Every structure is written in structure tokens, then in C-alpha cells.
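Here's the structure we're looking at; comments come further down.
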2 protein chains.
Amino acid sequence: MARTTITDVARAAGVSKGAASKALNGHKGVSDATRVRVHEAAAALGWSPNAAARALSGARAGAVGWALLRSPKSASVDPFFVEMFSGVELELASTDLSLIVKLVFSHEQELDLYRRWAAERRVDGVMLTDIYVDDPRPAVLQELELPLVAFFPGAPTEVPAPGVPFVWADQALSVHALLDHAYALGHRRVGWIEGDPAKVAPVLRKRLSAAWAAEHGVEITTIFTDHSPEQGAAAALELLARDRPPTFIVFDNDVMALTGLSVCLEAGLSVPEDIALASFVDSPLCAASTPALTALHHPIADQGRVMTRRLVEVLESGGDDDELGTEVPGTVLVPRRSTGPVGR
Amino acid sequence: MARTTITDVARAAGVSKGAASKALNGHKGVSDATRVRVHEAAAALGWSPNAAARALSGARAGAVGWALLRSPKSASVDPFFVEMFSGVELELASTDLSLIVKLVFSHEQELDLYRRWAAERRVDGVMLTDIYVDDPRPAVLQELELPLVAFFPGAPTEVPAPGVPFVWADQALSVHALLDHAYALGHRRVGWIEGDPAKVAPVLRKRLSAAWAAEHGVEITTIFTDHSPEQGAAAALELLARDRPPTFIVFDNDVMALTGLSVCLEAGLSVPEDIALASFVDSPLCAASTPALTALHHPIADQGRVMTRRLVEVLESGGDDDELGTEVPGTVLVPRRSTGPVGR
DNA sequence: ACGATAGGGGAAACCGGTTTCTCCGTCAAG
DNA sequence: CTTGACGGAGAAACCGGTTTCCCCTATCGT
């Protein structure tokens with residue numbers, strides 16, 4: 001089966017190649033009658049534009065890129081990515097853009113990837129999901145002239161980098177929801193087992209929780225980890241071993257919360273009577289454990305959709321876009337069995 | 001920053017464009033000295049080949065495609081995909097191939113997607129993961145001359161389609177592991193809540209389990225579902241309502257197993273004393289539930305790696321490849337609390 | 001020393017689109 | 001009636017590689 005090209009379409013419609021191109025792309029310079037004729041010919045021949053040829057002649061590559069930074073040891077994908085991925089794909093399904101996902105194992109590799117993507121003209125834009133403190137990626141991408149949209153778990157006053165379009169979910173809302181819940185139950189000493197302090201979100205949350213704590217006269221101890229179950233367990237043990245241990249512990253993800261729960265149970269504590277536990281992100285795991293874990297439900301898929309929508313807009317507008325920050329729907333606290341009134 | 005092209009490299013090395021191309025691609029026709037000079041120039045200029053131009057001139061597109069068929073209502077991604085995805089990405093990370101993933105909502109859409117990919121020359125090959133009975137996709141892909149590799153949960157004698165390279169995991173091993181476990185515990189009536197009967201795997205498993213049942217004098221009832229928690233629960237209720245209900249129920253996935261567990265507990269049955277439950281696929285959910293669910297652990301990520309490796313080989317060999325079926329590592333039964341000796 | 005041969009490397013065509021430039025015909029204004 | 005403006009459409013250049021074809025030169029054999 002011979003591949004049908006635009007030349008075939010043009011011949012079938014009785015026009016030149018150039019005219020056919022204009023007709024098919026909705027550019028002016030062809031009459032309506034010709035336009036219709038060309039479209040009919042294209043449909044009849046079942047023509048689709050060759051992506052490579054199109055990208056080569058300076059038009060769009062028809063794809064967006066998403067780099068996933070993972071440590072070489074644990075290349076497993078977290079539920080955050082999975083959820084966001086489904087939102088991204090859902091939004092892209094209604095466009096003719098492809099999604100290219102690539103796993104990288106270091107920041108250096110990631111930057112190289114962007115350079116390659118730019119040189120190869122393989123993607124039209126890039127999605128950035130885990131923003132680091134002093135993240136070099138936005139600047140590199142801007143220099144490469146690769147459009148980007150960052151997903152930024154932020155606050156009204158925070159910006160990932162100057163001039164970068166971003167989508168943000170208000171962390172204050174989430175932090176306060178969890179802390180208000182603890183406070184209402186009578187808890188006054190809270191432990192917070194956070195993620196990577198090199199990332200913006202954990203640092204920001206620590207700042208937000210500290211501010212809230214000062215306001216409410218609550219003592220909050222934050223411990224940063226690498227999100228692994230091991231470090232989560234170690235952090236939990238460390239908190240429990242203190243002179244005046246917290247009565248309420250927040251874990252930044254479901255996996256740590258689950259191992260934290262095991263640690264508490266093995267230490268002979270009963271949950272939530274002796275100690276209350278909560279996870280910052282909800283997942284089926286939180287619902288399935290015993291006792292079920294109180295957690296924050298983040299509409300991550302929706303956030304992924306918004307981010308994708310935003311990237312598509314940036315690509316269509318060609319970058320001369322007015323607003324930079326778009327807020328996405330916030331979070332909902334899902335109280336479960338693992339949190340209750342402070343014991344004595 | 002001006003984009004550096006192969007012409008720049010050629011000029012810097014003092015050779016022609018064509019010679020530079022040959023040098024960089026390891027084709028013969030250039031001396032070693034020139035080859036080295038060109039490579040040095042390319043490195044110095046930080047040149048990467050423009051993917052579009054390369055694809056256009058008949059070479060590879062540098063990408064492989066993976067279509068995900070999901071029902072419009074539940075676009076959520078299952079753990080199977082997630083695990084396989086991480087294996088695929090892990091394997092691709094060491095190549096310069098990109099992965100393009102696209103969500104589709106119907107078989108028709110999926111076939112259209114393949115036609116588009118072929119016409120656009122966007123991908124060099126395709127991965128097929130959920131093989132259906134009388135699946136039309138292999139034939140379509142072969143007609144489009146798109147190389148493919150199918151992941152096929154099969155048996156030694158089964159083949160997804162003639163002439164199609166595939167990677168297979170032996171279902172007999174899995175089915176027998178689970179049934180032997182049940183048999184050893186004294187169970188003689190087994191319920192099996194399967195997935196979609198339009199897919200090859202559930203049908204094959206039913207056949208395998210029936211054969212095993214005939215051999216061992218065990219009664220097995222299979223119910224097909226759409227993998228949703230609702231249908232899983234309904235199927236479990238149906239089995240429990242029988243005159244002589246099964247004493248051991250297998251669920252095809254973790255989500256159904258979990259809701260099935262709830263159904264049993266709510267019916268006042270104790271697990272595993274009154275009824276034993278197992279999941280055909282393991283997941284953190286199975287380990288976290290109470291009681292923890294006995295499950296089969298499939299090395300899905302490894303299987304994804306093998307499938308990807310195979311596709312890369314097919315692409316490199318240009319299709320004239322001898323062997324078609326590659327077996328991937330099998331499964332391991334993980335006994336947990338949800339299964340025990342048959343009660344009375 | 002001369003002819004045959006092999007291989008390095010340059011010129012140009014080609015992949016399939018997009019875009020620019022130019023020509024031509026038509027219609028409106030002077 | 002002449003001239004100018006405008007819009008439709010063709011020709012050709014271009015994007016950045018790969019590949020074919022051919023020439024030229026160095027080497028080998030006799």
C-alpha cells in the first residue's frame with residue numbers, strides 16, 4: 001500500500017501542492033470551492049500529514065514531552081504520577097498531540113534530554129512536575145525556546161520562576177485542612193514527616209505549617225525524608241522516641257503512612273487512641289489499611305488536565321500569553337479511623 | 001542560539017554534508033581519520049540530529065507507540081499498566097527511543113490511531129498489551145507495515161496471531177500455582193471471578209482451570225466481569241448465594257478482590273475460616289488489607305522490559321527475525337492470611 | 001611503468017510537507 | 001477605457017537529514 005502524500009491529494013483535487021497545503025491548513029490564499037475540493041480529496045484518499053515532514057518545515061512537532069526523574073534504584077512510579085498521567089492523557093485525547101514520556105535518572109540527564117528534544121525538534125512543549133528549590137530547568141528551557149508549563153504546589157505569592165506559565169494548587173489550603181482537623185481533635189503536638197527538602201513543596205509546607213503553629217500555639221516537628229518506606233519508618237521512630245512525642249503525625253505520602261502505621265502498632269501503640277496518623281495524599285491504600293488512614297484527597301487527575309490544557313493554550317498562543325498562574329481545584333480532607341480525639 | 005545542523009558539523013570538519021552523515025551513522029565510505037574528525041566536530045558543537053529530518057528521509061522515527069484502551073468512564077490506569085510502564089521506560093532509558101503513549105476509547109479509535117501513526121511516520125513500532133479473541137490489530141498493523149510486539153498471557157501452544165513476534169507469560173503456571181495451593185488446603189469447590197471474556201487471557205485461564213479441575217475432581221465456577229469493583233462484588237454475591245457455594249474464590253484483580261473481601265465480611269463470613277480469598281494479581285493493596293490477601297506476584301515490570309527489548313530487536317533486525325515467541329519469567333504465589341485450610 | 005581496482009568523499013536528488021514569491025485574472029475606482 | 005488593487009493559485013525554495021551516483025586518487029598487481 002503506497003503512502004498517500006499531499007502531492008497525491010493535490011493531483012486528485014487538480015491543484016498544486018502548495019495550494020493543497022494552504023487549503024488543508026485553513027490558510028488564506030485559496031477559494032472556498034478549492035478548499036472544499038481539496039478536503040474532499042484528502043478524505044477520499046485517507047490522507048494524514050506526515051508528522052516528520054511537517055515538523056521539518058518549521059511547523060509543530062505534534063508532541064509534548066514529560067521527563068520523569070527517578071532514582072535508579074526505585075524506578076517504580078508513584079501514585080501521584082499515575083493520577084496526573086491519566087489526567088494529562090485524558091486531556092490530550094481530544095487533541096492531536098502525542099505525549100512523550102521519558103525516564104531520567106539525574107538532573108543532568110534531564111537537562112540533556114531537553115537539549116536533545118530541542119535540537120531534534122521532537123516536542124513542541126514540556127511539562128514540569130516536581131519543582132526544586134532554585135530549579136535550573138525553567139531557565140534552560142527558556143533558553144532552548146521550548147515552551148513549558150510547570151505544575152507547582154504553591155501559594156498565592158509564590159512563583160516557580162520568572163516568566164514561566166504555571167498551574168498551582170494552594171498548599172496552604174491543604175496544610176490548614178489537616179492541621180485544623182488535628183487541632184479540633186485536641187492535638188497540640190504534631191509531627192510532620194515530609195519529603196525531599198530540595199523540592200519546593202516540602203519546604204513550603206514546612207513554612208506554612210510553622211506559621212500556622214505559631215498562630216495556634218501548637219508545636220510542630222518536621223522531618224525531611226526521601227519518601228521511602230525505610231526513611232518514613234525511621235522518622236516515625238525518631239518522633240516516638242522523643243521526650244514529649246507528638247500525638248498526631250502527618251506523613252507526606254501513603255507508603256510512608258502505611259509503614260508508619262506498622263511502626264506504631266508494633267510499638268504497642270493503638271491508633272488512633274494513643275497516636276493519630278494521617279497521610280498527606282490519599283490513595284486506595286489509605287482506604288484499605290486497618291485502621292483506614294485519614295488523608296487529603298487531591299484532585300490530581302483534574303490538575304493534570306488543567307496543566308495540559310494550559311500547555312496547549314501556550315502552544316497555540318505562541319507564548320505571548322498574558323496570565324502566568326492558573327489555580328487548580330484544591331483538596332478535600334477525608335477523615336477515616338486513624339485520627340481521633342487526643343488521648344491521655 | 002542558532003540551531004546547529006549537520007551542515008555546520010560538516011563545515012567545521014571540512015567535509016561535505018553527505019560525508020558527515022555517513023561518518024556519524026557509521027556507514028562505510030569515509031576514512032577513520034575523517035570519521036573521528038566529524039565526530040569531534042559534532043561533539044564540540046553539541047549537535048543532535050533533527051528527529052524530523054531523519055524520519056523524513058526514510059530512516060527511523062525514533063519512537064515506539066503504545067495505545068491504551070480505556071472505557072470513557074473509567075480512564076483510571078490499572079496497576080498492571082503502571083508496572084509494565086515502568087519496565088518499558090526502564091528498558092527504553094538506555095536507548096534513544098522515545099515512548100509515545102496515547103489513550104483511546106474504542107477499538108475503532110485505536111485502529112485509526114495506528115493508521116495515523118503509520119501515515120505520519122510517527123513511530124517505528126508498536127506494543128500491544130491486551131490481546132482480544134480474534135484481535136484485528138495484528139493484521140492491521142502488518143498491513144500498515146508497522147512492526148509490533150505483543151504481550152501475550154498465553155500457553156506453550158498458543159500464538160496471538162500468525163507471524164507476530166510476541167512475549168508470553170505462561171498462564172498455566174499461574175493458574176496451577178493458585179489451584180494447587182487451594183487443593184493442598186483441602187478446597188474442592190472454587191469460584192473464579194474473571195475479567196473480560198472478549199480478551200484472550202481470561203478465556204484461556206478458564207480453559208486451563210477447567211482442565212485442571214477435571215483432572216483433580218474439583219468443581220470450578222467461572223464468572224466473567226468487566227473488572228469493576230461493582231461487578232466483582234456482584235459476582236462474589238452470586239457465588240455465595242449458590243446451594244453449594246465455593247470455599248475458595250479467586251479474583252482476577254486486586255480491586256475486585258478487595259471489594260469481594262468486604263462483601264464476605266459484611267455477609268458475616270470470616271476470612272479465611274468460612275471462605276478463602278485470593279487475588280490473581282498482587283499489589284500493595286493486597287498486602288495492606290485485613291486480612292492480607294493471598295495473591296500471585298507477577299514480575300510485570302520485567303515482562304515489560306523483555307517486551308521492549310524484543311521490540312528493539314525487531315526494529316534493529318528489520319523484521320527478518322527468526323523466533324517469534326519469547327517466554328518471560330513466571331509468577332510466584334504469595335500466601336497471606338486470606339487463605340487457609342477449608343473449614344467445616 | 002601502466003592499467004585495473006577499491007575506496008574516500010563531493011554533488012545532487014530526495015523525503016513530504018510549509019512558505020514565499022510571482023504571475024495572472026478579475027473587479028472596482030478614477 | 002485605463003489603471004490599480006486584490007485574491008487565487010502555481011513554481012520553487014526550504015527545512016535537515018539520508019542516499020545514490022560519480023569522480024578522483026591512491027594502491028596494487030603484473
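Each chain in the C-alpha cells gets a letter, A, B and so on, in the order shown; residues start at 1 in every chain, and ligands are counted from 1 in the order they appear.
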
As a short mmCIF file (atom, residue, chain, number, x, y, z; two decimals) with C-alpha atoms, in the first residue's frame, please: all residues of range 35-201 of chain A that backbone DSSP puts in helix (DSSP H, G or I).
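Listed below is the output, selection.cif:
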```cif
data_model
loop_
_atom_site.label_atom_id
_atom_site.label_comp_id
_atom_site.auth_asym_id
_atom_site.auth_seq_id
_atom_site.Cartn_x
_atom_site.Cartn_y
_atom_site.Cartn_z
CA ARG A 35 -10.71 24.34 -0.21
CA VAL A 36 -13.70 22.05 -0.20
CA ARG A 37 -12.41 20.12 -3.18
CA VAL A 38 -9.03 19.56 -1.54
CA HIS A 39 -10.59 18.46 1.71
CA GLU A 40 -12.79 16.00 -0.10
CA ALA A 41 -9.85 14.59 -1.99
CA ALA A 42 -7.88 14.24 1.22
CA ALA A 43 -10.74 12.46 2.93
CA ALA A 44 -11.26 10.18 -0.04
CA LEU A 45 -7.61 9.18 -0.10
CA ALA A 51 4.48 14.35 11.07
CA ALA A 52 8.16 14.38 10.22
CA ALA A 53 7.76 16.50 7.11
CA ARG A 54 5.52 18.88 8.93
CA ALA A 55 7.90 19.24 11.85
CA LEU A 56 10.79 19.68 9.48
CA PRO A 79 0.52 7.22 42.58
CA PHE A 80 0.92 10.94 42.06
CA PHE A 81 2.40 10.37 38.65
CA VAL A 82 -0.16 7.75 37.77
CA GLU A 83 -3.07 10.00 38.56
CA MET A 84 -1.59 13.01 36.88
CA PHE A 85 -0.73 10.89 33.88
CA SER A 86 -4.32 9.81 33.42
CA GLY A 87 -5.46 13.43 33.57
CA VAL A 88 -2.86 14.50 31.06
CA GLU A 89 -3.76 11.71 28.67
CA LEU A 90 -7.44 12.40 29.07
CA GLU A 91 -6.93 15.99 28.05
CA LEU A 92 -4.59 15.14 25.20
CA HIS A 107 19.08 16.30 36.87
CA GLU A 108 21.95 16.38 34.39
CA GLN A 109 20.33 13.69 32.27
CA GLU A 110 17.09 15.59 32.36
CA LEU A 111 18.66 18.80 31.10
CA ASP A 112 20.44 16.84 28.37
CA LEU A 113 17.13 15.36 27.40
CA TYR A 114 15.63 18.80 26.99
CA ARG A 115 18.58 19.87 24.89
CA ARG A 116 18.14 16.81 22.72
CA TRP A 117 14.41 17.37 22.41
CA ALA A 118 15.02 20.93 21.34
CA ALA A 119 17.74 20.02 18.86
CA GLU A 120 15.74 17.16 17.45
CA ARG A 137 15.14 23.70 34.35
CA PRO A 138 12.88 26.67 33.57
CA ALA A 139 15.86 28.79 32.59
CA VAL A 140 17.33 26.07 30.41
CA LEU A 141 14.03 25.51 28.69
CA GLN A 142 13.56 29.20 28.10
CA GLU A 143 17.00 29.43 26.58
CA GLN A 171 -0.64 24.24 49.70
CA ALA A 172 -1.93 26.47 52.49
CA LEU A 173 -5.39 25.04 51.99
CA SER A 174 -4.11 21.50 52.33
CA VAL A 175 -1.83 22.18 55.27
CA HIS A 176 -4.51 24.08 57.14
CA ALA A 177 -7.16 21.46 56.45
CA LEU A 178 -5.02 18.81 58.08
CA LEU A 179 -3.89 20.96 60.99
CA ASP A 180 -7.35 22.33 61.70
CA HIS A 181 -8.57 18.76 61.81
CA ALA A 182 -5.86 17.84 64.33
CA TYR A 183 -6.47 20.97 66.38
CA ALA A 184 -10.20 20.36 66.56
CA VAL A 200 9.81 23.46 46.75
CA ALA A 201 6.66 21.82 48.05
#
```

Chain A contacts on chain D, only C-alpha atoms (C1' of nucleotides), 9 Å, as JSON, numbers by chain: {"D": [7, 8, 9, 10, 14, 15, 16]}

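Nearest residue to chain B among A:Ile223, A:Leu237, A:Arg11, A:Pro284 is A:Pro284, counting only C-alpha atoms.
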
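Minimum atom-to-atom distance to chain B, evaluated using only C-alpha atoms, belongs to A:Leu68 out of A:Leu311, A:Leu68, A:Ala235, A:Val342.
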
Contacts of range 228-234 of chain B within 7 Å, only C-alpha atoms (C1' of nucleotides), excl. fewer than 2 positions in-chain, as a PyMOL selection string: chain B and resi 225-226+236-238+255-256+259-260+263

Create the file for the chosen residues now, containing N, CA and C atoms and written as a PDB file, in the first residue's frame.
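Generated file (part_23.pdb):
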```pdb
ATOM      1  N   THR B 225     -16.382 -10.806  34.289  1.00  0.00           N
ATOM      2  CA  THR B 225     -16.797  -9.457  34.685  1.00  0.00           C
ATOM      3  C   THR B 225     -16.027  -8.430  33.858  1.00  0.00           C
ATOM      4  N   ASP B 226     -16.286  -7.164  34.146  1.00  0.00           N
ATOM      5  CA  ASP B 226     -15.558  -6.101  33.445  1.00  0.00           C
ATOM      6  C   ASP B 226     -14.442  -5.514  34.321  1.00  0.00           C
ATOM      7  N   ALA B 236     -19.261 -12.039  43.438  1.00  0.00           N
ATOM      8  CA  ALA B 236     -18.993 -12.699  44.718  1.00  0.00           C
ATOM      9  C   ALA B 236     -20.317 -13.068  45.394  1.00  0.00           C
ATOM     10  N   LEU B 237     -21.266 -12.136  45.389  1.00  0.00           N
ATOM     11  CA  LEU B 237     -22.566 -12.402  45.999  1.00  0.00           C
ATOM     12  C   LEU B 237     -23.255 -13.571  45.313  1.00  0.00           C
ATOM     13  N   GLU B 238     -23.165 -13.585  44.002  1.00  0.00           N
ATOM     14  CA  GLU B 238     -23.793 -14.661  43.244  1.00  0.00           C
ATOM     15  C   GLU B 238     -23.215 -16.021  43.647  1.00  0.00           C
ATOM     16  N   VAL B 255      -8.492  -4.990  42.906  1.00  0.00           N
ATOM     17  CA  VAL B 255      -9.643  -4.158  43.265  1.00  0.00           C
ATOM     18  C   VAL B 255     -10.875  -5.021  43.522  1.00  0.00           C
ATOM     19  N   MET B 256     -11.118  -5.982  42.630  1.00  0.00           N
ATOM     20  CA  MET B 256     -12.264  -6.866  42.835  1.00  0.00           C
ATOM     21  C   MET B 256     -12.066  -7.717  44.076  1.00  0.00           C
ATOM     22  N   THR B 259     -13.011  -5.600  47.143  1.00  0.00           N
ATOM     23  CA  THR B 259     -14.446  -5.427  47.353  1.00  0.00           C
ATOM     24  C   THR B 259     -15.081  -6.773  47.669  1.00  0.00           C
ATOM     25  N   GLY B 260     -14.541  -7.820  47.051  1.00  0.00           N
ATOM     26  CA  GLY B 260     -15.042  -9.155  47.368  1.00  0.00           C
ATOM     27  C   GLY B 260     -14.851  -9.467  48.842  1.00  0.00           C
ATOM     28  N   VAL B 263     -17.477  -7.730  50.804  1.00  0.00           N
ATOM     29  CA  VAL B 263     -18.751  -8.431  50.647  1.00  0.00           C
ATOM     30  C   VAL B 263     -18.834  -9.618  51.601  1.00  0.00           C
TER      31      VAL B 263
END
```

Any idea which chain C residues end up within 9 Å of chain B if we count only C-alpha atoms (C1' of nucleotides), as a list in words please? DG7, DG8, DG9, DG10, DC14, DC15 and DG16 of chain C

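The residue that comes closest to DC22 in chain D, out of C:DC24, C:DA6, C:DA12, C:DA1 and on the basis of only C-alpha atoms (C1' of nucleotides), is C:DA12.
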
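Using only C-alpha atoms (C1' of nucleotides), the nearest neighbour of DC6 in chain D within the list C:DG17, C:DA28, C:DC2, C:DT22 is C:DA28.
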
Would you pick out the contacts of DT5 in chain C at 10 Å or less, using only C-alpha atoms (C1' of nucleotides), so that residues sharing its chain but fewer than 6 positions from it are not included, and give the list as JSON, numbers by chain? {"D": [27, 28, 29]}

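All residues within range 33-104 of chain A that the backbone DSSP calculation assigns to strand (DSSP E) are Ala63, Val64, Gly65, Trp66, Ala67, Leu68, Leu69, Ser98, Leu99, Ile100, Val101, Lys102, Leu103 and Val104 of chain A.
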